[in-house]
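The next block is start-v1.txt, given as compact mmCIF, C-alpha atoms.
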# COMPACT_ATOMS: atom_id res chain seq x y z
CA MET E 1 85.09 74.15 121.40
CA ALA E 2 87.55 76.98 121.71
CA ASP E 3 86.79 77.83 125.32
CA GLU E 4 87.40 74.24 126.38
CA THR E 5 91.08 74.36 125.42
CA PRO E 6 93.30 74.05 128.50
CA THR E 7 95.01 77.26 129.43
CA PRO E 8 98.69 77.06 128.45
CA ALA E 9 101.63 78.40 130.41
CA VAL E 10 102.03 81.67 128.50
CA THR E 11 98.77 83.43 129.14
CA GLU E 12 97.30 86.62 130.39
CA SER E 13 95.14 84.69 132.86
CA GLU E 14 97.70 85.32 135.60
CA GLN E 15 96.60 88.93 135.57
CA PRO E 16 93.34 89.65 137.37
CA ALA E 17 90.46 90.03 134.92
CA ASN E 18 88.26 93.13 134.93
CA THR E 19 85.00 92.54 136.73
CA HIS E 20 81.52 93.95 136.80
CA ASP E 21 79.27 93.02 139.74
CA GLY E 22 81.87 90.41 140.64
CA LYS E 23 81.69 88.74 137.20
CA PRO E 24 84.74 88.82 134.93
CA ILE E 25 84.33 90.88 131.78
CA MET E 26 86.24 91.57 128.59
CA GLU E 27 86.39 94.28 125.95
CA VAL E 28 84.64 93.46 122.70
CA LYS E 29 84.69 95.25 119.38
CA VAL E 30 82.81 94.02 116.34
CA TYR E 31 83.40 96.20 113.32
CA ALA E 32 83.72 96.55 109.56
CA PRO E 33 85.68 99.26 107.69
CA PHE E 34 82.79 101.72 107.90
CA GLN E 35 80.61 100.43 110.67
CA VAL E 36 81.01 99.57 114.32
CA TYR E 37 78.43 96.92 115.24
CA PHE E 38 79.37 96.66 118.89
CA GLU E 39 81.98 98.19 121.13
CA GLY E 40 82.09 97.82 124.90
CA SER E 41 82.41 95.48 127.83
CA ALA E 42 80.79 92.06 127.66
CA TYR E 43 80.51 88.82 129.60
CA SER E 44 80.76 86.53 126.57
CA VAL E 45 80.83 86.24 122.80
CA SER E 46 79.36 83.27 120.93
CA ALA E 47 79.93 82.42 117.29
CA VAL E 48 80.46 79.55 114.87
CA ASN E 49 83.58 78.48 113.00
CA ASP E 50 84.50 75.45 110.89
CA THR E 51 84.85 73.36 114.04
CA GLY E 52 81.41 74.29 115.33
CA PRO E 53 79.77 76.73 117.75
CA PHE E 54 81.96 78.16 120.50
CA ASP E 55 81.95 80.75 123.28
CA ILE E 56 84.63 83.19 124.31
CA LEU E 57 84.72 84.07 127.99
CA PRO E 58 87.05 86.39 129.92
CA ARG E 59 90.58 85.00 130.44
CA HIS E 60 90.36 83.08 127.20
CA HIS E 61 93.67 82.04 125.67
CA ASN E 62 94.98 83.96 122.64
CA PHE E 63 92.82 82.85 119.76
CA LEU E 64 92.59 83.52 116.03
CA CYS E 65 89.89 82.01 113.87
CA MET E 66 87.76 82.43 110.79
CA LEU E 67 84.04 82.59 111.35
CA VAL E 68 81.54 80.92 109.06
CA PRO E 69 78.17 82.55 108.26
CA CYS E 70 76.35 82.66 111.58
CA ASN E 71 74.74 84.86 114.19
CA LEU E 72 77.36 86.32 116.50
CA VAL E 73 75.96 86.83 119.99
CA VAL E 74 77.50 89.34 122.39
CA LYS E 75 76.30 89.41 125.99
CA PRO E 76 77.08 92.97 127.05
CA VAL E 77 77.50 94.16 130.63
CA GLU E 78 74.52 96.40 130.20
CA GLY E 79 71.44 95.71 128.14
CA ASP E 80 70.21 92.74 126.17
CA SER E 81 72.30 90.38 124.08
CA LYS E 82 73.35 91.73 120.71
CA ILE E 83 72.89 89.46 117.73
CA ILE E 84 75.01 90.35 114.72
CA LYS E 85 74.69 88.52 111.43
CA VAL E 86 78.07 87.42 110.14
CA HIS E 87 78.78 86.69 106.50
CA ARG E 88 82.54 86.45 106.69
CA ALA E 89 84.75 87.50 109.59
CA LEU E 90 87.96 87.03 111.49
CA MET E 91 88.05 86.83 115.27
CA HIS E 92 91.07 87.81 117.30
CA VAL E 93 91.22 87.25 121.06
CA LYS E 94 94.07 88.51 123.16
CA ALA E 95 94.40 89.76 126.73
CA ASP E 96 90.66 89.93 127.41
CA ARG E 97 90.06 91.84 124.20
CA VAL E 98 87.92 90.29 121.49
CA VAL E 99 87.96 91.91 118.06
CA VAL E 100 85.80 90.66 115.23
CA PHE E 101 86.76 91.99 111.82
CA MET E 102 83.67 91.79 109.65
CA ASP E 103 83.70 91.39 105.85
CA VAL E 104 87.41 90.65 105.52
CA MET W 1 81.97 145.66 67.53
CA ARG W 2 79.27 143.20 68.61
CA ARG W 3 75.80 144.40 69.50
CA PRO W 4 75.09 144.93 73.24
CA LEU W 5 72.16 142.51 73.16
CA GLU W 6 74.39 139.73 71.86
CA ILE W 7 76.95 140.40 74.59
CA ARG W 8 74.20 140.50 77.23
CA ALA W 9 72.91 137.09 76.10
CA GLN W 10 76.41 135.63 76.28
CA GLU W 11 76.97 137.15 79.72
CA ASN W 12 73.74 135.56 80.98
CA ALA W 13 74.87 132.20 79.64
CA VAL W 14 78.23 132.56 81.41
CA ARG W 15 76.44 133.56 84.65
CA SER W 16 74.52 130.25 84.43
CA VAL W 17 77.85 128.43 84.13
CA VAL W 18 79.03 130.31 87.24
CA SER W 19 75.96 129.09 89.19
CA LEU W 20 76.39 125.55 87.91
CA THR W 21 80.12 125.30 88.70
CA SER W 22 79.50 126.92 92.07
CA ALA W 23 76.88 124.27 92.91
CA LEU W 24 79.18 121.46 91.74
CA GLU W 25 82.04 122.95 93.75
CA SER W 26 79.91 122.93 96.93
CA LEU W 27 78.79 119.38 96.19
CA SER W 28 82.38 118.22 95.71
CA SER W 29 83.40 119.96 98.93
CA MET W 30 80.72 118.04 100.86
CA GLN W 31 81.75 114.78 99.17
CA ILE W 32 85.39 115.36 100.11
CA ALA W 33 84.53 115.83 103.79
CA LYS W 34 82.36 112.70 103.76
CA THR W 35 84.83 110.53 101.84
CA LYS W 36 87.83 111.74 103.86
CA ASN W 37 86.07 110.88 107.09
CA LYS W 38 85.25 107.41 105.81
CA VAL W 39 88.82 106.80 104.65
CA LEU W 40 90.09 107.78 108.11
CA ILE W 41 87.62 105.43 109.84
CA SER W 42 88.49 102.56 107.51
CA ASN W 43 92.23 103.11 108.00
CA GLN W 44 91.90 102.19 111.67
CA PHE W 45 90.30 98.91 110.65
CA PHE W 46 92.93 98.22 107.99
CA ASP W 47 95.79 99.01 110.38
CA GLU W 48 94.52 96.57 112.96
CA VAL W 49 94.16 93.74 110.43
CA TRP W 50 97.60 94.60 109.02
CA SER W 51 99.19 94.38 112.45
CA ILE W 52 97.85 90.83 112.90
CA TYR W 53 98.95 89.89 109.39
CA LYS W 54 102.47 91.23 110.08
CA GLN W 55 102.79 88.96 113.07
CA ILE W 56 101.40 85.84 111.46
CA ARG W 57 103.15 85.87 108.09
CA VAL W 58 105.21 82.81 107.46
CA ASP W 59 106.81 83.28 104.03
CA ALA W 60 108.40 86.29 102.36
CA LEU W 61 106.55 85.94 99.07
CA PHE W 62 102.98 86.96 98.80
CA ASN W 63 101.05 84.28 96.98
CA PHE W 64 97.83 86.19 96.13
CA GLY W 65 95.97 83.59 98.15
CA ARG W 66 96.61 81.01 95.41
CA GLN W 67 96.84 77.31 96.05
CA VAL W 68 100.30 75.85 95.44
CA ASP W 69 99.17 73.72 92.46
CA GLU W 70 97.40 76.60 90.65
CA LYS W 71 99.29 77.77 87.54
CA PRO W 72 98.89 81.49 86.95
CA ILE W 73 98.77 83.33 83.59
CA ASP W 74 102.29 84.49 82.80
CA LYS W 75 101.33 88.10 82.12
CA GLU W 76 101.16 91.24 84.17
CA LEU W 77 97.64 92.41 84.89
CA LEU W 78 97.36 96.19 84.84
CA ILE W 79 94.50 97.45 87.01
CA LEU W 80 93.26 101.00 86.45
CA ILE W 81 91.02 102.75 88.96
CA THR W 82 89.24 105.67 87.31
CA ALA W 83 86.18 107.84 87.87
CA LYS W 84 82.71 106.70 86.91
CA GLY W 85 82.08 109.77 84.78
CA GLY W 86 83.54 113.04 83.57
CA LEU W 87 83.77 116.31 85.50
CA SER W 88 86.69 115.07 87.54
CA GLY W 89 89.35 117.26 86.03
CA ASP W 90 92.37 115.84 84.24
CA ILE W 91 93.09 113.14 86.82
CA ASP W 92 91.91 110.23 84.64
CA GLN W 93 93.75 111.59 81.62
CA ARG W 94 96.96 111.70 83.66
CA LEU W 95 96.38 108.13 84.84
CA ILE W 96 95.84 106.88 81.27
CA ARG W 97 99.04 108.66 80.14
CA LYS W 98 101.04 106.94 82.89
CA PHE W 99 99.43 103.59 82.04
CA ILE W 100 100.26 103.94 78.31
CA GLU W 101 103.94 104.48 79.20
CA ARG W 102 104.00 100.96 80.68
CA TYR W 103 101.46 99.14 78.54
CA ASP W 104 102.65 96.40 76.21
CA GLN W 105 99.89 94.47 74.47
CA ALA W 106 101.91 91.24 74.42
CA LYS W 107 102.84 91.34 78.08
CA ASN W 108 99.81 92.89 79.72
CA ASP W 109 96.13 92.32 80.23
CA VAL W 110 94.04 95.29 81.32
CA LEU W 111 91.38 95.52 83.97
CA VAL W 112 89.64 98.86 84.18
CA ILE W 113 87.42 100.08 87.03
CA GLY W 114 85.24 103.10 86.21
CA HIS W 115 83.39 104.06 83.06
CA HIS W 116 85.48 107.16 82.39
CA GLY W 117 88.70 105.15 82.21
CA ALA W 118 87.08 102.63 79.84
CA LEU W 119 86.06 105.51 77.55
CA LYS W 120 89.54 107.02 77.63
CA LEU W 121 91.09 103.65 76.77
CA LYS W 122 88.74 103.29 73.79
CA GLN W 123 89.76 106.76 72.63
CA SER W 124 93.38 105.62 72.83
CA HIS W 125 92.49 102.44 70.87
CA ILE W 126 93.43 100.12 73.73
CA ASP W 127 91.28 97.07 74.39
CA TYR W 128 90.71 96.12 77.97
CA THR W 129 90.16 92.52 79.06
CA TYR W 130 87.97 93.15 82.12
CA TYR W 131 85.71 95.99 83.17
CA PHE W 132 83.97 96.87 86.46
CA ASP W 133 81.92 99.89 87.43
CA LEU W 134 83.44 102.01 90.16
CA PRO W 135 81.60 100.98 93.35
CA GLU W 136 79.61 103.79 94.89
CA LYS W 137 78.58 102.25 98.18
CA ASP W 138 80.72 101.75 101.26
CA TYR W 139 80.71 97.97 101.07
CA ILE W 140 82.64 96.79 98.05
CA ASN W 141 82.29 93.22 96.86
CA LEU W 142 85.81 92.55 95.68
CA ASP W 143 85.43 88.82 95.09
CA PRO W 144 85.17 89.04 91.26
CA LEU W 145 88.23 91.30 91.17
CA MET W 146 90.10 88.97 93.51
CA ASP W 147 89.32 85.95 91.33
CA ILE W 148 90.83 87.70 88.30
CA THR W 149 93.88 88.99 90.19
CA LYS W 150 94.68 85.51 91.47
CA LYS W 151 94.90 84.20 87.90
CA TYR W 152 97.96 86.34 87.09
CA THR W 153 101.58 86.03 88.16
CA ARG W 154 101.88 89.77 88.67
CA SER W 155 99.46 92.64 89.06
CA ARG W 156 100.15 96.34 88.93
CA ILE W 157 97.62 98.86 90.07
CA PHE W 158 97.31 102.42 88.75
CA TYR W 159 95.44 104.62 91.17
CA GLN W 160 94.92 108.21 92.23
CA ASP W 161 96.36 109.26 95.52
CA TYR W 162 94.98 112.10 97.61
CA ILE W 163 97.81 114.28 98.94
CA SER W 164 95.83 117.42 99.69
CA LEU W 165 92.86 119.35 98.39
CA SER W 166 95.02 120.95 95.74
CA GLN W 167 97.29 118.00 95.02
CA GLN W 168 96.43 114.52 93.79
CA GLU W 169 99.03 112.19 92.40
CA ILE W 170 98.92 109.27 90.01
CA LYS W 171 100.70 106.25 91.37
CA ASP W 172 101.36 102.72 90.19
CA VAL W 173 102.47 99.92 92.45
CA ASP W 174 103.08 96.22 92.17
CA LEU W 175 100.34 94.60 94.23
CA SER W 176 102.58 91.81 95.51
CA GLU W 177 105.31 94.25 96.50
CA VAL W 178 103.00 96.56 98.36
CA VAL W 179 101.50 93.70 100.35
CA SER W 180 104.93 92.18 101.08
CA SER W 181 106.49 95.48 102.14
CA LYS W 182 103.59 96.38 104.39
CA GLY W 183 103.53 92.90 105.88
CA ARG W 184 107.28 92.77 106.45
CA ILE W 185 108.51 93.38 109.95
CA ALA W 186 111.61 95.55 109.95
CA ASP W 187 113.04 94.22 113.17
CA MET W 188 112.00 90.76 114.31
CA SER W 189 113.42 91.34 117.79
CA SER W 190 110.91 94.16 118.27
CA VAL W 191 108.02 91.76 117.83
CA GLY W 192 108.70 89.84 121.06
CA ASP W 193 105.63 88.30 122.60
CA ASP W 194 103.37 89.87 119.95
CA LEU W 195 104.34 87.27 117.36
CA VAL W 196 101.32 85.18 116.49
CA SER W 197 102.41 81.56 116.42
CA GLU W 198 101.12 78.14 117.42
CA LYS W 199 103.13 78.45 120.61
CA ASN W 200 101.03 81.24 122.04
CA TYR W 201 97.83 81.13 119.99
CA ILE W 202 95.03 78.73 119.24
CA PHE W 203 94.12 78.69 115.55
CA GLU W 204 90.90 77.34 114.16
CA PRO W 205 90.68 75.44 111.89
CA SER W 206 94.52 75.53 111.58
CA SER W 207 97.36 78.04 111.49
CA TYR W 208 97.87 77.47 107.74
CA ALA W 209 94.18 77.93 106.97
CA VAL W 210 94.08 81.14 109.00
CA ALA W 211 97.28 82.42 107.33
CA ALA W 212 95.86 81.66 103.86
CA TYR W 213 92.58 83.34 104.79
CA LEU W 214 94.46 86.39 106.07
CA GLU W 215 96.48 86.55 102.86
CA ASN W 216 93.21 86.71 100.92
CA SER W 217 91.81 89.27 103.34
CA ILE W 218 94.89 91.45 103.03
CA LEU W 219 94.66 91.40 99.25
CA ARG W 220 90.97 92.31 99.50
CA LEU W 221 91.66 95.12 101.96
CA THR W 222 94.57 96.45 99.89
CA LEU W 223 92.39 96.63 96.79
CA ALA W 224 89.58 98.24 98.79
CA GLN W 225 92.00 100.81 100.21
CA PHE W 226 93.20 101.75 96.71
CA ILE W 227 89.59 102.19 95.58
CA TYR W 228 88.73 104.37 98.60
CA ASP W 229 91.89 106.47 98.08
CA SER W 230 91.08 106.91 94.40
CA ARG W 231 87.53 107.96 95.20
CA LEU W 232 88.84 110.64 97.53
CA ALA W 233 91.37 111.86 94.97
CA GLN W 234 88.66 111.96 92.30
CA VAL W 235 86.29 114.14 94.34
CA ALA W 236 89.21 116.41 95.27
CA SER W 237 90.17 116.68 91.61
CA ARG W 238 86.55 117.47 90.73
CA PHE W 239 86.51 120.18 93.41
CA LYS W 240 89.72 121.64 91.97
CA ALA W 241 88.35 121.53 88.42
CA MET W 242 85.06 123.13 89.46
CA SER W 243 86.84 125.88 91.43
CA ALA W 244 89.00 126.66 88.41
CA ALA W 245 85.98 126.59 86.09
CA LYS W 246 84.06 128.89 88.44
CA GLU W 247 86.96 131.33 88.62
CA ARG W 248 87.32 131.35 84.84
CA SER W 249 83.59 131.83 84.27
CA VAL W 250 83.44 134.68 86.83
CA ASP W 251 86.34 136.39 85.00
CA THR W 252 84.63 135.86 81.63
CA ALA W 253 81.32 137.21 82.99
CA THR W 254 83.09 140.33 84.32
CA GLN W 255 84.86 140.86 80.99
CA LEU W 256 81.60 140.43 79.12
CA HIS W 257 79.88 142.91 81.41
CA THR W 258 82.61 145.51 80.70
CA GLU W 259 82.34 144.77 76.99
CA TYR W 260 78.56 145.14 77.19
CA ASN W 261 78.87 148.56 78.90
CA ARG W 262 81.40 149.66 76.31
CA ALA W 263 79.20 148.49 73.43
CA LYS W 264 76.15 150.20 74.96
CA ARG W 265 78.11 153.42 75.44
CA ASN W 266 79.40 153.15 71.88
CA GLN W 267 75.86 152.66 70.62
CA VAL W 268 74.64 155.75 72.51
CA ASP W 269 77.64 157.75 71.22
CA THR W 270 76.91 156.69 67.65
CA ARG W 271 73.25 157.67 67.98
CA LEU W 272 74.25 160.99 69.54
CA LYS W 273 76.70 161.63 66.72
CA GLU W 274 74.01 160.78 64.17
CA SER W 275 71.50 163.13 65.90
CA LEU W 276 74.05 165.94 66.05
CA ALA W 277 74.92 165.43 62.40
CA GLY W 278 71.19 165.51 61.57
CA LEU W 279 70.72 168.71 63.59
CA LYS W 280 73.68 170.35 61.87
CA LYS W 281 72.24 169.41 58.51
CA ILE W 282 68.80 170.85 59.41
CA ARG W 283 70.42 174.09 60.68
CA ALA W 284 72.54 174.37 57.56
CA GLU W 285 69.44 173.91 55.35
CA GLY W 286 67.52 176.52 57.45
CA ALA W 287 70.33 179.09 57.08
CA ALA W 288 70.41 178.59 53.35
Kindly return the structure encoded in the file as structure tokens.
Amino acid sequence: MADETPTPAVTESEQPANTHDGKPIMEVKVYAPFQVYFEGSAYSVSAVNDTGPFDILPRHHNFLCMLVPCNLVVKPVEGDSKIIKVHRALMHVKADRVVVFMDV
Amino acid sequence: MRRPLEIRAQENAVRSVVSLTSALESLSSMQIAKTKNKVLISNQFFDEVWSIYKQIRVDALFNFGRQVDEKPIDKELLILITAKGGLSGDIDQRLIRKFIERYDQAKNDVLVIGHHGALKLKQSHIDYTYYFDLPEKDYINLDPLMDITKKYTRSRIFYQDYISLSQQEIKDVDLSEVVSSKGRIADMSSVGDDLVSEKNYIFEPSSYAVAAYLENSILRLTLAQFIYDSRLAQVASRFKAMSAAKERSVDTATQLHTEYNRAKRNQVDTRLKESLAGLKKIRAEGAA
């Protein structure tokens, strides 16, 4: 699981994470060339890659992976969880910013 | 001189052409705004993927996402992106002319996108190897095109580039070169901590798998970008053609209207002359 990887020395985790109601948050953008599926602050993102299901939480280490067909779940700061069907996508995580490039 | 009724009928026909070209001009104008907006939105997406690709690239040569043991066809694939139908001005004709300058039957295979281009090639007696319709929707499934591109050692793409509303250019680029040059980082020292490597990133399933996947994605995005650019250039060219056609038909209608008035006046003058001649004759007979 990606979020179980020990945090290495070079990481953004030394910087204080953004919080909402005391809980750390991150910026998430899920988009395709012509459509933005989600953009905003979130507590977590869950998806599936070749290794299996995984979660991305704030202060996650830099991460780049290919997603397999799955349901991507975003837990936003406000409102219910967003479920986005993924056919093919690339996920990039860096400095508390998660970007999912759909259909690439 | 032609009869006024004939001229009137022709003028009415030309006025219909004015209405038609005017409607098509408005339609093209709306399509330009819509397509331009979409191209701008998609560019943001492309730029972000490109920036990751720039940082992760490991070798200087773009491999078209091929496996090392795959042997490609030793020919250059020429890809033409053309309109799906007529009424797009001379842009496709210009593209075909440029393509013919380079085409060599022994060295090239041809892949044409768009029905209009396929027709133009047939008119020029050139056989194409592959054909695809020009996609109309936003999402383009480029997998079949990718599969063909990967089979060849080199691919060159002929496309239409939107410069402005009044200017569209025909361009041809080597697909490998364009991907390599865009992916190349001019100054490695400027990359600094942004470089995506195993030292500062976790890759899943592996860095090589992600790099290979990105190489495929970049090829897909590059092809998609060329198609979107061509679409924009085509609607702009159609707008230009329709504006010119409208202007010409308005001029013709005005000329025909003047000609009609002249013919009508001429007809009245002739009748008047005939009446006067008749009157003179009657008076002369009465005097005698």
For chain E, which residues have at least one atom within 10 Å of chain W, if we go by all atoms listed in the file? Write them as number ranges by chain, please. E: 1-2, 5, 8-11, 31-36, 49-52, 61-67, 89-94, 99, 101-104
Need the shell around Asp21 in chain E: protein/DNA/RNA residues with any atom at most 12 Å away, counting all atoms listed in the file. Skip same-chain ones fewer than 5 positions apart. Format as a VMD selection string? chain E and resid 43 77 to 78
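One finds CA of Thr222 in chain W at 22.9 Å from CA of Lys71 in chain W.
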Selection: 7 Å around range 235-249 of chain W, only C-alpha atoms, excl. self and same-chain fewer than 6 positions, as number ranges by chain: W: 14, 17-18, 21-22, 24-25, 28-29, 31-32, 87-89, 91, 165-166, 168
Go ahead and write the residues just picked, C-alpha atoms, as an mmCIF file, in the coordinates of the input.
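This went into out38.cif:
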data_model
loop_
_atom_site.group_PDB
_atom_site.id
_atom_site.type_symbol
_atom_site.label_atom_id
_atom_site.label_comp_id
_atom_site.auth_asym_id
_atom_site.auth_seq_id
_atom_site.Cartn_x
_atom_site.Cartn_y
_atom_site.Cartn_z
ATOM 1 C CA VAL W 14 78.230 132.560 81.410
ATOM 2 C CA VAL W 17 77.850 128.430 84.130
ATOM 3 C CA VAL W 18 79.030 130.310 87.240
ATOM 4 C CA THR W 21 80.120 125.300 88.700
ATOM 5 C CA SER W 22 79.500 126.920 92.070
ATOM 6 C CA LEU W 24 79.180 121.460 91.740
ATOM 7 C CA GLU W 25 82.040 122.950 93.750
ATOM 8 C CA SER W 28 82.380 118.220 95.710
ATOM 9 C CA SER W 29 83.400 119.960 98.930
ATOM 10 C CA GLN W 31 81.750 114.780 99.170
ATOM 11 C CA ILE W 32 85.390 115.360 100.110
ATOM 12 C CA LEU W 87 83.770 116.310 85.500
ATOM 13 C CA SER W 88 86.690 115.070 87.540
ATOM 14 C CA GLY W 89 89.350 117.260 86.030
ATOM 15 C CA ILE W 91 93.090 113.140 86.820
ATOM 16 C CA LEU W 165 92.860 119.350 98.390
ATOM 17 C CA SER W 166 95.020 120.950 95.740
ATOM 18 C CA GLN W 168 96.430 114.520 93.790
#
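Taking CA of Ala47 in chain E and CA of Leu72 in chain E as the two end points, the separation is 4.7 Å.
Counting only C-alpha atoms and comparing E:Lys23, E:Ala95, E:Cys70, E:Lys75, the residue that lies closest to Val48 in chain E is E:Cys70.
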Range 174-182 of chain W surroundings by only C-alpha atoms, 12 Å radius, close-in-sequence under 5 positions cut, as an mmCIF file with C-alpha atoms, keeping the file's coordinate frame:
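New file around24.cif:
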data_model
loop_
_atom_site.group_PDB
_atom_site.id
_atom_site.type_symbol
_atom_site.label_atom_id
_atom_site.label_comp_id
_atom_site.auth_asym_id
_atom_site.auth_seq_id
_atom_site.Cartn_x
_atom_site.Cartn_y
_atom_site.Cartn_z
ATOM 1 C CA PHE W 46 92.930 98.220 107.990
ATOM 2 C CA ASP W 47 95.790 99.010 110.380
ATOM 3 C CA VAL W 49 94.160 93.740 110.430
ATOM 4 C CA TRP W 50 97.600 94.600 109.020
ATOM 5 C CA SER W 51 99.190 94.380 112.450
ATOM 6 C CA ILE W 52 97.850 90.830 112.900
ATOM 7 C CA TYR W 53 98.950 89.890 109.390
ATOM 8 C CA LYS W 54 102.470 91.230 110.080
ATOM 9 C CA GLN W 55 102.790 88.960 113.070
ATOM 10 C CA ARG W 57 103.150 85.870 108.090
ATOM 11 C CA VAL W 58 105.210 82.810 107.460
ATOM 12 C CA ASP W 59 106.810 83.280 104.030
ATOM 13 C CA ALA W 60 108.400 86.290 102.360
ATOM 14 C CA LEU W 61 106.550 85.940 99.070
ATOM 15 C CA PHE W 62 102.980 86.960 98.800
ATOM 16 C CA ASN W 63 101.050 84.280 96.980
ATOM 17 C CA PHE W 64 97.830 86.190 96.130
ATOM 18 C CA GLY W 65 95.970 83.590 98.150
ATOM 19 C CA GLU W 76 101.160 91.240 84.170
ATOM 20 C CA LEU W 77 97.640 92.410 84.890
ATOM 21 C CA LEU W 78 97.360 96.190 84.840
ATOM 22 C CA ILE W 79 94.500 97.450 87.010
ATOM 23 C CA MET W 146 90.100 88.970 93.510
ATOM 24 C CA THR W 149 93.880 88.990 90.190
ATOM 25 C CA LYS W 150 94.680 85.510 91.470
ATOM 26 C CA TYR W 152 97.960 86.340 87.090
ATOM 27 C CA THR W 153 101.580 86.030 88.160
ATOM 28 C CA ARG W 154 101.880 89.770 88.670
ATOM 29 C CA SER W 155 99.460 92.640 89.060
ATOM 30 C CA ARG W 156 100.150 96.340 88.930
ATOM 31 C CA ILE W 157 97.620 98.860 90.070
ATOM 32 C CA PHE W 158 97.310 102.420 88.750
ATOM 33 C CA TYR W 159 95.440 104.620 91.170
ATOM 34 C CA LEU W 214 94.460 86.390 106.070
ATOM 35 C CA GLU W 215 96.480 86.550 102.860
ATOM 36 C CA ASN W 216 93.210 86.710 100.920
ATOM 37 C CA SER W 217 91.810 89.270 103.340
ATOM 38 C CA ILE W 218 94.890 91.450 103.030
ATOM 39 C CA LEU W 219 94.660 91.400 99.250
ATOM 40 C CA ARG W 220 90.970 92.310 99.500
ATOM 41 C CA LEU W 221 91.660 95.120 101.960
ATOM 42 C CA THR W 222 94.570 96.450 99.890
ATOM 43 C CA LEU W 223 92.390 96.630 96.790
ATOM 44 C CA GLN W 225 92.000 100.810 100.210
ATOM 45 C CA PHE W 226 93.200 101.750 96.710
#
Report, as JSON, the axis-aligned box around all atoms of range 160-163 of chain W present in the file, extended by 3 Å on each side; give centre and edge lengths in Å to one decimal place.
{"center_x": 96.4, "center_y": 111.2, "center_z": 95.6, "size_x": 8.9, "size_y": 12.1, "size_z": 12.7}
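Separating CA of Ile227 in chain W from CA of Gly86 in chain W is a distance of 17.3 Å.
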Ranking E:Val45, E:Val100, E:Ser81, E:His87 by minimum distance to Leu57 in chain E and counting all atoms listed in the file, which one comes first? E:Val45
Can you tell me, as a JSON list (two decimals) with C-alpha atoms, in the coordinates of the input, what residues are no more than 8 Å from Gly40 in chain E when counting only C-alpha atoms, ignoring any on the same chain fewer than 4 positions away?
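Listed below is the output, out13.json:
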[["chain", "number", "residue", "atom", "x", "y", "z"],
["E", 27, "GLU", "CA", 86.39, 94.28, 125.95],
["E", 28, "VAL", "CA", 84.64, 93.46, 122.70],
["E", 29, "LYS", "CA", 84.69, 95.25, 119.38],
["E", 76, "PRO", "CA", 77.08, 92.97, 127.05]]
